[in-house]
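Undergrad: Here it is: the structure, laid out below.
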Amino acid sequence: MRLKADEPLERQLIDIRRRLHANPELSGEEYETTAAIREWLGREGVRIADYPLKTGLVAEIGGLREGPIVALRADIDALPIQEETGLPFASQRPGVMHACGHDFHTAALIGAAVLLKRREAELPGTVRLLFQPAEEKAKGAAQVIASGALAGVAAVFGLHNKPDLPVGTVGIRSGPIMAAADGFAVEVDGRGTHAAVPEAGLDPLVTAAHMLTALQSIVSRNVSSLDSAVVSVTRLSAGTSWNVIPEKAIFDGTIRTFDEDVRAEVQRRFEQVVDGVAAAFGTTARTRWTGGPPPVVNDARWARSAAKAAERAGLTVLEPKPSPAGEDFALYLKEAPGAFVFLGTSGAREWHHPAFDVDESALPLAAAYLASAAIEALAELSAEKAADSQPDDAPAEAGTRA
């Protein structure tokens, strides 16, 4: 049976999304957002679970009879971006905006909660709803895990809106779907001097320039053409005067990878290049890493289950290209198998753009998908448990009696 949101629920979810959009809160500051989610769930009779989270919350549906636990996740935080959409429900907070669609994700999970609550008596287990803070700083998933909310979870599912996919489609693939996102900062120490007598110093700018060029060879000469990686230097800072060679140069940027072995190798070669070039020019250098989340790697079994759920929700399943963006949902997949999917929203702008928006007609589809993913997973896990509990000789005995 196809699971879908009715018209009153669609209107309710659009209103929720717009209220969230107008009142965004940054990572770790989602107090009003958390209170609003608690209120909306309370109206639906959804019980709030007691996990020690400063912001964000965990709720549960089902558990009326013994069975497996399946988790659904939505992120709730916004970004430090000045909104430029011109929407009537645009952000009322200067410099803060839901520019990544977490308002959409939150409303979708509330919609899934409503749909699941209507069928609570039928659920052969428990659905745990994770309204996660601080995804944009890649800290929230770790906080939820530390709270104990992933304990006992057999499968976990999440979604992200995807502006370049049309409404009515969902991108599902097994294996890597989003990248590990690591940051670096390199400080090159030289010896300053007057620009007219460079031989009296050790130029950190020349050293840094050679490093930037050499670092671009890491991917082309150390990563297989069958794998993928990105090394991007995004900022270079040095000096304060036109006629002085400075003491120091600093550059930073990001590395994106889809495989843990490739991730480790790229970082190893990065440090070799930095240290080697620095030594060649008589300077010294230090690399500081800001480790982001690992790659989001979908379990093959649960990717197939997610595809079944998407079809039940009336969505067309596509196989998307992996995104080089990072997502701390990856940490959940280290704790329990599951799947993360892209839901089409027909947007004109990509994530983190000040004019970012979503097509709200995708909202009821997202709610139906999340609810369907939980129902499908619970059904599969329950059937598996029932099969495992069958005596090995049961079929033979039945045949003898026949």
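Naming scheme: A, B, ... for chains in displayed order of the structure tokens; residues 1 onward per chain; ligands 1 onward as shown.
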If you count only C-alpha atoms, which residues fall within 8 Å of region 25-30 of chain A, apart from same-chain ones fewer than 5 positions away, as a PyMOL selection string?

TA: chain A and resi 54-56+76-80+96-97+133-137

Undergrad: Save the residues we just selected, all heavy atoms, as a compact mmCIF listing (two decimals), in the first residue's frame?

TA:
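To be explicit, this is the file written out as part12.txt:
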```
# COMPACT_ATOMS: atom_id res chain seq x y z
N LYS A 54 21.67 19.03 24.98
CA LYS A 54 21.46 20.45 25.27
C LYS A 54 20.45 21.05 24.30
O LYS A 54 19.56 21.81 24.68
CB LYS A 54 22.80 21.19 25.18
CG LYS A 54 22.73 22.65 25.57
CD LYS A 54 24.08 23.33 25.46
CE LYS A 54 24.46 23.58 24.02
NZ LYS A 54 25.63 24.46 23.85
N THR A 55 20.61 20.76 23.02
CA THR A 55 19.65 21.14 22.00
C THR A 55 19.38 19.91 21.14
O THR A 55 20.16 18.97 21.11
CB THR A 55 20.16 22.29 21.11
OG1 THR A 55 21.42 21.92 20.54
CG2 THR A 55 20.32 23.56 21.93
N GLY A 56 18.27 19.95 20.40
CA GLY A 56 17.84 18.75 19.69
C GLY A 56 17.10 17.84 20.65
O GLY A 56 17.13 18.03 21.87
N ILE A 76 18.69 20.06 12.37
CA ILE A 76 17.80 21.17 12.69
C ILE A 76 18.48 22.54 12.68
O ILE A 76 17.79 23.55 12.86
CB ILE A 76 17.12 20.94 14.06
CG1 ILE A 76 18.14 21.04 15.20
CG2 ILE A 76 16.39 19.60 14.09
CD1 ILE A 76 17.51 20.97 16.60
N ASP A 77 19.78 22.62 12.45
CA ASP A 77 20.49 23.89 12.58
C ASP A 77 20.56 24.66 11.26
O ASP A 77 20.32 24.11 10.18
CB ASP A 77 21.90 23.67 13.13
CG ASP A 77 22.71 22.67 12.31
OD1 ASP A 77 22.12 21.76 11.70
OD2 ASP A 77 23.96 22.80 12.27
N ALA A 78 20.89 25.96 11.38
CA ALA A 78 20.99 26.85 10.24
C ALA A 78 22.43 27.32 10.06
O ALA A 78 23.33 26.87 10.76
CB ALA A 78 20.05 28.04 10.42
N LEU A 79 22.62 28.24 9.11
CA LEU A 79 23.96 28.71 8.73
C LEU A 79 24.13 30.21 8.96
O LEU A 79 23.16 30.97 8.91
CB LEU A 79 24.20 28.40 7.25
CG LEU A 79 24.47 26.94 6.90
CD1 LEU A 79 24.09 26.68 5.45
CD2 LEU A 79 25.94 26.61 7.13
N PRO A 80 25.37 30.66 9.17
CA PRO A 80 25.63 32.10 9.31
C PRO A 80 25.68 32.80 7.95
O PRO A 80 26.74 33.24 7.48
CB PRO A 80 26.98 32.13 10.02
CG PRO A 80 27.67 30.88 9.58
CD PRO A 80 26.57 29.85 9.43
N VAL A 96 21.56 34.97 9.69
CA VAL A 96 21.30 33.55 9.96
C VAL A 96 20.23 33.07 8.98
O VAL A 96 19.20 33.73 8.80
CB VAL A 96 20.85 33.30 11.41
CG1 VAL A 96 20.70 31.80 11.67
CG2 VAL A 96 21.82 33.92 12.39
N MET A 97 20.44 31.91 8.38
CA MET A 97 19.52 31.43 7.34
C MET A 97 19.53 29.91 7.25
O MET A 97 20.58 29.28 7.40
CB MET A 97 19.94 32.02 5.98
CG MET A 97 19.09 31.55 4.81
SD MET A 97 19.83 31.92 3.20
CE MET A 97 18.67 31.10 2.10
N PRO A 133 21.04 18.37 16.45
CA PRO A 133 21.62 19.71 16.34
C PRO A 133 22.98 19.68 15.63
O PRO A 133 23.54 18.61 15.38
CB PRO A 133 21.80 20.11 17.81
CG PRO A 133 22.13 18.81 18.49
CD PRO A 133 21.27 17.78 17.78
N ALA A 134 23.48 20.86 15.32
CA ALA A 134 24.89 21.09 15.00
C ALA A 134 25.47 20.23 13.88
O ALA A 134 26.63 19.86 13.93
CB ALA A 134 25.74 20.93 16.26
N GLU A 135 24.69 19.95 12.85
CA GLU A 135 25.25 19.22 11.72
C GLU A 135 26.24 20.08 10.96
O GLU A 135 27.27 19.58 10.49
CB GLU A 135 24.14 18.75 10.77
CG GLU A 135 24.62 17.82 9.67
CD GLU A 135 25.25 18.54 8.47
OE1 GLU A 135 24.85 19.69 8.18
OE2 GLU A 135 26.15 17.96 7.84
N GLU A 136 25.96 21.36 10.84
CA GLU A 136 26.82 22.25 10.05
C GLU A 136 28.23 22.36 10.64
O GLU A 136 29.17 22.68 9.91
CB GLU A 136 26.19 23.63 9.92
CG GLU A 136 24.89 23.66 9.11
CD GLU A 136 25.07 23.28 7.65
OE1 GLU A 136 26.23 23.13 7.21
OE2 GLU A 136 24.05 23.15 6.95
N LYS A 137 28.37 22.12 11.92
CA LYS A 137 29.69 22.11 12.54
C LYS A 137 30.22 20.69 12.72
O LYS A 137 31.25 20.48 13.35
CB LYS A 137 29.66 22.82 13.89
CG LYS A 137 29.48 24.32 13.76
CD LYS A 137 29.68 25.03 15.09
CE LYS A 137 29.64 26.54 14.92
NZ LYS A 137 29.84 27.25 16.21
```

Undergrad: Can you tell me, as a PyMOL selection string, what residues are no more than 7 Å from Ala362 (chain A) when counting only C-alpha atoms, ignoring any on the same chain fewer than 4 positions away?

TA: chain A and resi 167-168+345+366

Undergrad: Got time to write the residues from that selection, C-alpha atoms, as a compact mmCIF listing (two decimals), in the first residue's frame?

TA:
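Saved the output as selection02.txt:
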```txt
# COMPACT_ATOMS: atom_id res chain seq x y z
CA VAL A 167 10.59 16.72 -7.25
CA GLY A 168 9.25 13.17 -7.28
CA THR A 345 13.55 19.41 -4.54
CA ALA A 366 9.86 13.37 2.05
```

Undergrad: Would you list the contacts of region 197-212 of chain A as a ChimeraX atom specification, taking every protein, DNA or RNA residue within 6 Å and counting only C-alpha atoms, but skipping same-chain residues closer than 5 positions in sequence?

TA: /A:188,190-192,248-249

Undergrad: Selection from above, all heavy atoms, as a PDB file, in the first residue's frame, can you write it?

TA:
```
ATOM      1  N   VAL A 188      53.964  28.323   7.176  1.00  0.00           N
ATOM      2  CA  VAL A 188      55.334  28.262   6.676  1.00  0.00           C
ATOM      3  C   VAL A 188      56.146  29.370   7.346  1.00  0.00           C
ATOM      4  O   VAL A 188      55.796  30.558   7.245  1.00  0.00           O
ATOM      5  CB  VAL A 188      55.381  28.439   5.146  1.00  0.00           C
ATOM      6  CG1 VAL A 188      56.817  28.315   4.638  1.00  0.00           C
ATOM      7  CG2 VAL A 188      54.476  27.430   4.448  1.00  0.00           C
ATOM      8  N   GLY A 190      59.623  31.419   7.556  1.00  0.00           N
ATOM      9  CA  GLY A 190      60.852  31.757   6.859  1.00  0.00           C
ATOM     10  C   GLY A 190      61.663  32.753   7.675  1.00  0.00           C
ATOM     11  O   GLY A 190      61.651  32.725   8.900  1.00  0.00           O
ATOM     12  N   ARG A 191      62.357  33.639   6.969  1.00  0.00           N
ATOM     13  CA  ARG A 191      63.086  34.718   7.633  1.00  0.00           C
ATOM     14  C   ARG A 191      62.850  35.986   6.829  1.00  0.00           C
ATOM     15  O   ARG A 191      63.140  36.059   5.635  1.00  0.00           O
ATOM     16  CB  ARG A 191      64.579  34.405   7.710  1.00  0.00           C
ATOM     17  CG  ARG A 191      65.366  35.442   8.515  1.00  0.00           C
ATOM     18  CD  ARG A 191      66.806  34.995   8.799  1.00  0.00           C
ATOM     19  NE  ARG A 191      67.603  34.852   7.601  1.00  0.00           N
ATOM     20  CZ  ARG A 191      68.146  33.703   7.189  1.00  0.00           C
ATOM     21  NH1 ARG A 191      67.950  32.590   7.880  1.00  0.00           N
ATOM     22  NH2 ARG A 191      68.887  33.658   6.096  1.00  0.00           N
ATOM     23  N   GLY A 192      62.265  36.975   7.486  1.00  0.00           N
ATOM     24  CA  GLY A 192      61.901  38.192   6.791  1.00  0.00           C
ATOM     25  C   GLY A 192      63.108  39.038   6.418  1.00  0.00           C
ATOM     26  O   GLY A 192      64.180  38.955   7.033  1.00  0.00           O
ATOM     27  N   LYS A 248      56.348  34.916   7.628  1.00  0.00           N
ATOM     28  CA  LYS A 248      55.445  33.771   7.681  1.00  0.00           C
ATOM     29  C   LYS A 248      54.433  33.832   6.539  1.00  0.00           C
ATOM     30  O   LYS A 248      54.011  34.917   6.111  1.00  0.00           O
ATOM     31  CB  LYS A 248      54.709  33.800   9.027  1.00  0.00           C
ATOM     32  CG  LYS A 248      53.889  32.572   9.362  1.00  0.00           C
ATOM     33  CD  LYS A 248      53.122  32.785  10.678  1.00  0.00           C
ATOM     34  CE  LYS A 248      54.024  33.079  11.855  1.00  0.00           C
ATOM     35  NZ  LYS A 248      54.846  31.904  12.245  1.00  0.00           N
ATOM     36  N   ALA A 249      54.017  32.667   6.069  1.00  0.00           N
ATOM     37  CA  ALA A 249      52.898  32.539   5.128  1.00  0.00           C
ATOM     38  C   ALA A 249      51.984  31.424   5.633  1.00  0.00           C
ATOM     39  O   ALA A 249      52.464  30.410   6.160  1.00  0.00           O
ATOM     40  CB  ALA A 249      53.396  32.229   3.717  1.00  0.00           C
TER      41      ALA A 249
END
```

Undergrad: In Å, rounded to a single decimal, give me how far CA of Pro24 (chain A) is from CA of Gln132 (chain A).

TA: 14.3 Å

Undergrad: So that I can see what lies close to Gly148 (chain A), please list as a list in words the residues with an atom at most 12 Å from it, counting only C-alpha atoms and leaving out residues fewer than 5 positions away in the same chain.

TA: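 In the requested form, the answer reads Ala49, Asp50, Tyr51, Pro52, Leu53, Val58, Arg128, Leu130, Ala141, Ala142, Gln143, Val153, Tyr332 and Glu335 of chain A.
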
Undergrad: Produce a file of the selected residues containing N, CA and C atoms, as a compact mmCIF listing (two decimals), in the first residue's frame.

TA:
```txt
# COMPACT_ATOMS: atom_id res chain seq x y z
N ALA A 49 11.66 10.99 24.23
CA ALA A 49 12.55 10.11 24.98
C ALA A 49 13.53 10.96 25.81
N ASP A 50 13.99 10.40 26.89
CA ASP A 50 14.85 11.13 27.83
C ASP A 50 16.32 10.85 27.53
N TYR A 51 16.91 11.68 26.66
CA TYR A 51 18.34 11.59 26.37
C TYR A 51 18.98 12.94 26.67
N PRO A 52 20.17 12.96 27.25
CA PRO A 52 20.78 14.21 27.69
C PRO A 52 21.38 15.03 26.55
N LEU A 53 20.54 15.83 25.89
CA LEU A 53 20.99 16.70 24.82
C LEU A 53 20.69 18.16 25.19
N VAL A 58 15.11 13.59 21.02
CA VAL A 58 14.84 12.25 20.52
C VAL A 58 13.42 11.89 20.90
N ARG A 128 12.70 5.36 16.31
CA ARG A 128 13.33 6.42 17.11
C ARG A 128 13.64 7.60 16.20
N LEU A 130 15.42 11.11 15.53
CA LEU A 130 16.57 11.88 15.98
C LEU A 130 16.50 13.27 15.36
N ALA A 141 25.99 14.83 15.44
CA ALA A 141 25.84 13.38 15.43
C ALA A 141 26.60 12.75 16.58
N ALA A 142 27.81 13.24 16.83
CA ALA A 142 28.60 12.71 17.95
C ALA A 142 27.90 12.95 19.28
N GLN A 143 27.23 14.10 19.42
CA GLN A 143 26.49 14.40 20.64
C GLN A 143 25.32 13.43 20.83
N VAL A 153 19.85 0.35 18.12
CA VAL A 153 19.30 0.64 16.80
C VAL A 153 19.84 -0.37 15.78
N TYR A 332 26.70 8.01 12.32
CA TYR A 332 25.65 7.04 12.66
C TYR A 332 25.91 5.71 11.97
N GLU A 335 27.92 3.32 13.70
CA GLU A 335 27.29 2.69 14.85
C GLU A 335 26.27 1.63 14.44
```

Undergrad: Neighbours of Ile81 (chain A) within 10 Å (only C-alpha atoms; same-chain residues fewer than 6 positions away dropped), as a PyMOL selection string?

TA: chain A and resi 94-99+352-355

Undergrad: For all heavy atoms, I'd like the residues from the last selection saved as a short mmCIF file (atom, residue, chain, number, x, y, z; two decimals), in the first residue's frame.

TA:
```cif
data_model
loop_
_atom_site.label_atom_id
_atom_site.label_comp_id
_atom_site.auth_asym_id
_atom_site.auth_seq_id
_atom_site.Cartn_x
_atom_site.Cartn_y
_atom_site.Cartn_z
N PRO A 94 18.95 38.56 11.24
CA PRO A 94 20.02 39.00 10.34
C PRO A 94 21.24 38.09 10.44
O PRO A 94 21.71 37.74 11.52
CB PRO A 94 20.34 40.41 10.85
CG PRO A 94 19.08 40.87 11.52
CD PRO A 94 18.50 39.64 12.15
N GLY A 95 21.73 37.71 9.26
CA GLY A 95 22.95 36.92 9.21
C GLY A 95 22.78 35.45 9.52
O GLY A 95 23.78 34.72 9.59
N VAL A 96 21.56 34.97 9.69
CA VAL A 96 21.30 33.55 9.96
C VAL A 96 20.23 33.07 8.98
O VAL A 96 19.20 33.73 8.80
CB VAL A 96 20.85 33.30 11.41
CG1 VAL A 96 20.70 31.80 11.67
CG2 VAL A 96 21.82 33.92 12.39
N MET A 97 20.44 31.91 8.38
CA MET A 97 19.52 31.43 7.34
C MET A 97 19.53 29.91 7.25
O MET A 97 20.58 29.28 7.40
CB MET A 97 19.94 32.02 5.98
CG MET A 97 19.09 31.55 4.81
SD MET A 97 19.83 31.92 3.20
CE MET A 97 18.67 31.10 2.10
N HIS A 98 18.37 29.36 6.97
CA HIS A 98 18.29 27.93 6.62
C HIS A 98 18.65 27.79 5.14
O HIS A 98 17.81 27.58 4.28
CB HIS A 98 16.89 27.39 6.90
CG HIS A 98 16.72 26.85 8.28
ND1 HIS A 98 17.45 25.77 8.74
CD2 HIS A 98 15.93 27.25 9.30
CE1 HIS A 98 17.10 25.52 10.00
NE2 HIS A 98 16.20 26.40 10.38
N ALA A 99 19.95 27.88 4.87
CA ALA A 99 20.44 27.86 3.49
C ALA A 99 20.84 26.46 3.04
O ALA A 99 21.44 26.31 1.98
CB ALA A 99 21.63 28.80 3.36
N HIS A 352 23.84 26.23 0.66
CA HIS A 352 24.67 27.30 1.25
C HIS A 352 24.68 28.57 0.41
O HIS A 352 25.51 29.46 0.65
CB HIS A 352 26.10 26.82 1.53
CG HIS A 352 26.17 25.72 2.55
ND1 HIS A 352 27.30 25.48 3.31
CD2 HIS A 352 25.26 24.80 2.96
CE1 HIS A 352 27.07 24.45 4.12
NE2 HIS A 352 25.85 24.01 3.92
N HIS A 353 23.79 28.69 -0.55
CA HIS A 353 23.67 29.93 -1.32
C HIS A 353 22.66 30.83 -0.62
O HIS A 353 21.65 30.36 -0.11
CB HIS A 353 23.21 29.62 -2.76
CG HIS A 353 23.31 30.79 -3.68
ND1 HIS A 353 22.39 31.80 -3.69
CD2 HIS A 353 24.23 31.10 -4.63
CE1 HIS A 353 22.74 32.70 -4.62
NE2 HIS A 353 23.85 32.29 -5.19
N PRO A 354 22.90 32.15 -0.58
CA PRO A 354 21.95 33.04 0.11
C PRO A 354 20.56 33.10 -0.51
O PRO A 354 19.62 33.57 0.15
CB PRO A 354 22.65 34.41 0.05
CG PRO A 354 23.71 34.29 -0.97
CD PRO A 354 24.12 32.85 -1.01
N ALA A 355 20.41 32.61 -1.74
CA ALA A 355 19.09 32.56 -2.37
C ALA A 355 18.55 31.13 -2.43
O ALA A 355 17.61 30.84 -3.17
CB ALA A 355 19.14 33.15 -3.77
#
```

Undergrad: Would you pick out the contacts of Val244 (chain A) at 6 Å or less, using only C-alpha atoms, so that residues sharing its chain but fewer than 3 positions from it are not included, and give the list as a list in words?

TA: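 Here the qualifying residues turn out to be His194, Ala195 and Ser241 of chain A.
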
Undergrad: Fewer than 4 positions away in the same chain doesn't count, so skip those; otherwise give me all residues within 8 Å of Val297 (chain A), counting only C-alpha atoms, as a list in words.

TA: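 After dropping sequence-adjacent residues, the list is Ser174, Gly175, Pro176, Ile177, Met178, Ala330, Leu333 and Ala339 of chain A.
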
Undergrad: Since we have the selection now, will you write its residues out, keeping C-alpha atoms, as a tab-separated table (two decimals), in the first residue's frame?

TA:
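To be explicit, this is the file written out as out.tsv:
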```
chain	number	residue	atom	x	y	z
A	174	SER	CA	24.93	1.64	-2.00
A	175	GLY	CA	28.46	2.47	-0.96
A	176	PRO	CA	29.80	6.04	-0.69
A	177	ILE	CA	27.27	8.81	-1.28
A	178	MET	CA	28.96	11.76	0.48
A	330	ALA	CA	28.42	9.20	8.48
A	333	LEU	CA	26.60	4.57	9.97
A	339	ALA	CA	21.14	4.45	4.23
```

Undergrad: Would you mind reading off the distance between CA of Val114 (chain A) and CA of Glu7 (chain A), one decimal, in Å?

TA: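 If I compute the distance from CA of Val114 (chain A) to CA of Glu7 (chain A), I get 13.1 Å.
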
Undergrad: Find, counting only C-alpha atoms, the residue in A:Leu159, A:Ala278, A:Arg269, A:Pro324 that gets nearest to Ile172 (chain A).

TA: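 Using only C-alpha atoms, Ile172 (chain A) sits closest to A:Leu159.
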
Undergrad: I need the residue nearest Ala112 (chain A) from this list: A:Ala196, A:Ala371, A:Leu315, A:Ala386. Use only C-alpha atoms for the distance.

TA: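 Nearest candidate to Ala112 (chain A) out of A:Ala196, A:Ala371, A:Leu315, A:Ala386: A:Ala371.
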
Undergrad: Taking the backbone alone, and naming residues the way the document does, which bits of region 165-243 of chain A are helix (DSSP H, G or I) by DSSP, as a JSON list (two decimals) with N, CA and C atoms, in the first residue's frame?

TA:
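Written output follows (out_36.json):
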```
[["chain", "number", "residue", "atom", "x", "y", "z"],
["A", 198, "PRO", "N", 66.49, 39.88, -1.16],
["A", 198, "PRO", "CA", 65.88, 38.59, -0.80],
["A", 198, "PRO", "C", 66.88, 37.55, -0.34],
["A", 199, "GLU", "N", 68.15, 37.70, -0.77],
["A", 199, "GLU", "CA", 69.15, 36.71, -0.38],
["A", 199, "GLU", "C", 69.43, 36.73, 1.11],
["A", 200, "ALA", "N", 69.04, 37.79, 1.79],
["A", 200, "ALA", "CA", 69.26, 37.90, 3.23],
["A", 200, "ALA", "C", 68.16, 37.20, 4.04],
["A", 204, "PRO", "N", 58.99, 32.79, 2.71],
["A", 204, "PRO", "CA", 57.92, 31.81, 2.92],
["A", 204, "PRO", "C", 56.87, 31.85, 1.83],
["A", 205, "LEU", "N", 56.77, 32.96, 1.11],
["A", 205, "LEU", "CA", 55.79, 33.05, 0.02],
["A", 205, "LEU", "C", 56.20, 32.18, -1.16],
["A", 206, "VAL", "N", 57.47, 32.22, -1.53],
["A", 206, "VAL", "CA", 57.95, 31.36, -2.60],
["A", 206, "VAL", "C", 57.78, 29.90, -2.21],
["A", 207, "THR", "N", 58.12, 29.59, -0.96],
["A", 207, "THR", "CA", 57.94, 28.21, -0.48],
["A", 207, "THR", "C", 56.48, 27.79, -0.57],
["A", 208, "ALA", "N", 55.57, 28.64, -0.07],
["A", 208, "ALA", "CA", 54.14, 28.31, -0.08],
["A", 208, "ALA", "C", 53.64, 28.15, -1.51],
["A", 209, "ALA", "N", 54.13, 29.00, -2.44],
["A", 209, "ALA", "CA", 53.71, 28.90, -3.84],
["A", 209, "ALA", "C", 54.09, 27.55, -4.43],
["A", 210, "HIS", "N", 55.31, 27.09, -4.14],
["A", 210, "HIS", "CA", 55.73, 25.78, -4.63],
["A", 210, "HIS", "C", 54.92, 24.67, -3.98],
["A", 211, "MET", "N", 54.60, 24.83, -2.70],
["A", 211, "MET", "CA", 53.75, 23.83, -2.03],
["A", 211, "MET", "C", 52.40, 23.73, -2.72],
["A", 212, "LEU", "N", 51.79, 24.87, -3.01],
["A", 212, "LEU", "CA", 50.46, 24.86, -3.63],
["A", 212, "LEU", "C", 50.48, 24.13, -4.96],
["A", 213, "THR", "N", 51.53, 24.35, -5.73],
["A", 213, "THR", "CA", 51.65, 23.66, -7.02],
["A", 213, "THR", "C", 51.88, 22.17, -6.82],
["A", 214, "ALA", "N", 52.79, 21.82, -5.92],
["A", 214, "ALA", "CA", 53.12, 20.41, -5.70],
["A", 214, "ALA", "C", 51.94, 19.63, -5.13],
["A", 215, "LEU", "N", 51.14, 20.27, -4.28],
["A", 215, "LEU", "CA", 50.00, 19.57, -3.67],
["A", 215, "LEU", "C", 48.99, 19.12, -4.71],
["A", 217, "SER", "N", 49.58, 17.67, -7.35],
["A", 217, "SER", "CA", 49.99, 16.40, -7.96],
["A", 217, "SER", "C", 49.55, 15.20, -7.14],
["A", 218, "ILE", "N", 49.08, 15.42, -5.91],
["A", 218, "ILE", "CA", 48.73, 14.29, -5.04],
["A", 218, "ILE", "C", 47.62, 13.45, -5.67],
["A", 219, "VAL", "N", 46.56, 14.12, -6.10],
["A", 219, "VAL", "CA", 45.43, 13.38, -6.67],
["A", 219, "VAL", "C", 45.82, 12.76, -8.00],
["A", 220, "SER", "N", 46.49, 13.53, -8.85],
["A", 220, "SER", "CA", 46.79, 13.03, -10.21],
["A", 220, "SER", "C", 47.82, 11.92, -10.22],
["A", 221, "ARG", "N", 48.69, 11.87, -9.18],
["A", 221, "ARG", "CA", 49.77, 10.89, -9.20],
["A", 221, "ARG", "C", 49.77, 9.90, -8.04],
["A", 222, "ASN", "N", 48.81, 10.02, -7.14],
["A", 222, "ASN", "CA", 48.78, 9.10, -6.00],
["A", 222, "ASN", "C", 47.42, 8.44, -5.77]]
```
